[in-house]
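What's in model-v7.txt: compact mmCIF, C-alpha atoms
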# COMPACT_ATOMS: atom_id res chain seq x y z
CA MET A 1 148.52 -17.25 67.45
CA GLY A 2 149.01 -13.71 68.66
CA THR A 3 150.90 -14.87 71.75
CA ILE A 4 153.34 -16.87 69.65
CA VAL A 5 153.95 -13.93 67.32
CA MET A 6 154.45 -11.50 70.19
CA SER A 7 156.86 -13.80 72.05
CA GLY A 8 158.78 -14.43 68.82
CA THR A 9 158.99 -10.69 68.24
CA VAL A 10 160.32 -10.12 71.77
CA VAL A 11 162.98 -12.79 71.23
CA LEU A 12 164.00 -11.18 67.93
CA VAL A 13 164.22 -7.74 69.58
CA ILE A 14 166.38 -9.13 72.39
CA LEU A 15 168.66 -10.82 69.84
CA GLY A 16 168.66 -7.55 67.90
CA PHE A 17 170.94 -5.91 70.45
CA GLY A 18 173.75 -8.03 69.04
CA ASN A 19 172.70 -7.95 65.38
CA HIS A 20 170.35 -5.30 64.02
CA LEU A 21 169.07 -7.62 61.30
CA TYR A 22 167.00 -9.36 63.98
CA TRP A 23 165.15 -6.08 64.56
CA LEU A 24 164.28 -5.97 60.90
CA ALA A 25 163.07 -9.55 61.15
CA ALA A 26 160.91 -8.60 64.16
CA VAL A 27 159.35 -5.73 62.22
CA ALA A 28 158.72 -8.03 59.26
CA VAL A 29 157.05 -10.63 61.50
CA LEU A 30 154.79 -8.00 63.06
CA PHE A 31 153.93 -6.55 59.67
CA LEU A 32 153.05 -9.94 58.19
CA TYR A 33 150.98 -10.87 61.23
CA LEU A 34 149.04 -7.60 61.17
CA GLN A 35 148.58 -7.75 57.41
CA TYR A 36 147.59 -11.40 56.98
CA GLY A 37 147.51 -13.37 60.22
CA ARG A 38 145.06 -11.44 62.36
CA ASP A 39 142.42 -10.97 59.61
CA SER A 40 142.39 -14.57 58.46
CA SER A 41 142.35 -16.04 61.96
CA ALA A 42 139.57 -13.70 63.13
CA SER A 43 137.34 -14.38 60.16
CA ARG A 44 137.94 -18.15 60.19
CA GLY A 45 135.51 -18.55 63.05
CA GLY A 46 136.95 -21.61 64.80
CA ALA A 47 136.69 -25.35 64.32
CA GLY A 48 134.55 -26.61 61.50
CA GLY A 49 134.27 -23.17 59.93
CA GLY A 50 134.26 -22.35 56.27
CA SER A 51 131.67 -22.12 53.57
CA SER A 52 130.98 -24.59 50.82
CA SER A 53 133.13 -22.55 48.44
CA GLY A 54 136.13 -23.02 50.73
CA GLY A 55 136.52 -19.35 51.66
CA PRO A 56 136.91 -17.96 55.15
CA MET A 57 133.89 -17.36 57.39
CA PRO A 58 132.50 -13.81 57.23
CA ALA A 59 132.94 -11.43 60.12
CA ASP A 60 129.21 -10.85 60.49
CA TYR A 61 125.96 -12.38 59.37
CA ARG A 62 125.15 -9.63 56.89
CA ALA A 63 128.34 -10.29 54.91
CA TYR A 64 127.51 -14.01 54.94
CA ARG A 65 123.97 -13.36 53.71
CA ASP A 66 125.18 -11.05 50.94
CA ARG A 67 127.72 -13.60 49.75
CA ARG A 68 125.17 -16.43 49.94
CA ASP A 69 122.62 -14.42 47.95
CA MET A 70 125.22 -13.52 45.31
CA GLN A 71 126.22 -17.19 45.00
CA ALA A 72 122.56 -18.21 44.59
CA LYS A 73 122.11 -15.52 41.94
CA TRP A 74 125.09 -16.83 39.97
CA GLU A 75 123.88 -20.43 40.29
CA ARG A 76 120.42 -19.49 39.00
CA ARG A 77 122.01 -17.62 36.09
CA TYR A 78 124.23 -20.60 35.27
CA ARG A 79 121.26 -22.98 35.26
CA ARG A 80 119.26 -20.59 33.09
CA GLU A 81 122.05 -20.04 30.54
CA ARG A 82 123.29 -23.66 30.44
CA PRO A 83 120.30 -25.93 31.09
CA LEU A 84 121.85 -29.08 29.60
CA GLU A 85 125.02 -28.76 31.65
CA ALA A 86 123.03 -28.02 34.81
CA ARG A 87 120.85 -31.11 34.28
CA ARG A 88 123.94 -33.27 33.70
CA GLN A 89 125.52 -32.01 36.92
CA GLU A 90 122.33 -32.69 38.88
CA ARG A 91 122.19 -36.23 37.45
CA GLU A 92 125.79 -36.88 38.49
CA LYS A 93 125.16 -35.47 41.93
CA SER A 94 122.16 -37.75 42.51
CA LYS A 95 124.11 -40.94 41.61

Turn this file's structure into structure tokens for me.
Amino acid sequence: MGTIVMSGTVVLVILGFGNHLYWLAAVAVLFLYLQYGRDSSASRGGAGGGSSSGGPMPADYRAYRDRRDMQAKWERRYRRERPLEARRQEREKSK
């Protein structure tokens, strides 16, 4: 992904000698890549990645463990506060 962004930026800079708006587009592409692209592609982890909640993979195991423990805590609280709903969901899951 980074190679594509860098080559696109170089093309926009070369075109920018004729029209300065292309330089602005190159800066915008770099900004968007640094802001959103690099973080999400680095934390995605590769093929088959992703947690059961659909979020991106954590950067390290400690972050994963913290998020997993927090999710388990919320699930236990939900089952404790709404026992009938939790039982109904378990019944539907087992069908």

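CA of Tyr61 (chain A) is found 29.1 Å from CA of Val5 (chain A).
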
Report the distance between CA of Val13 (chain A) and CA of Ala26 (chain A) in Å, rounded to one decimal place.
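Interatomic distance, CA of Val13 (chain A) to CA of Ala26 (chain A): 6.4 Å.
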
Report, in Å with one decimal, the straight-line distance from CA of Arg79 (chain A) to CA of Arg65 (chain A).
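Separating CA of Arg79 (chain A) from CA of Arg65 (chain A) is a distance of 21.0 Å.
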
Is it possible to get the residues within 7 Å of (164.9, -12.3, 64.0) (coordinates as in the file, counting all atoms listed in the file) written as a ChimeraX atom specification?
/A:12,21-23,25-26

For Met6 (chain A), which of A:Leu24, A:Arg80, A:Asp69, A:Tyr33 is the closest residue, counting all atoms listed in the file?
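Among the listed residues, A:Tyr33 lies closest to Met6 (chain A).
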
Which centre and edge lengths in Å to one decimal define the box along x, y and z that fits every listed atom of region 73-83 of chain A plus 4 Å per side, as AutoDock Vina command-line options?
--center_x 122.2 --center_y -20.7 --center_z 36.2 --size_x 13.8 --size_y 18.4 --size_z 19.5
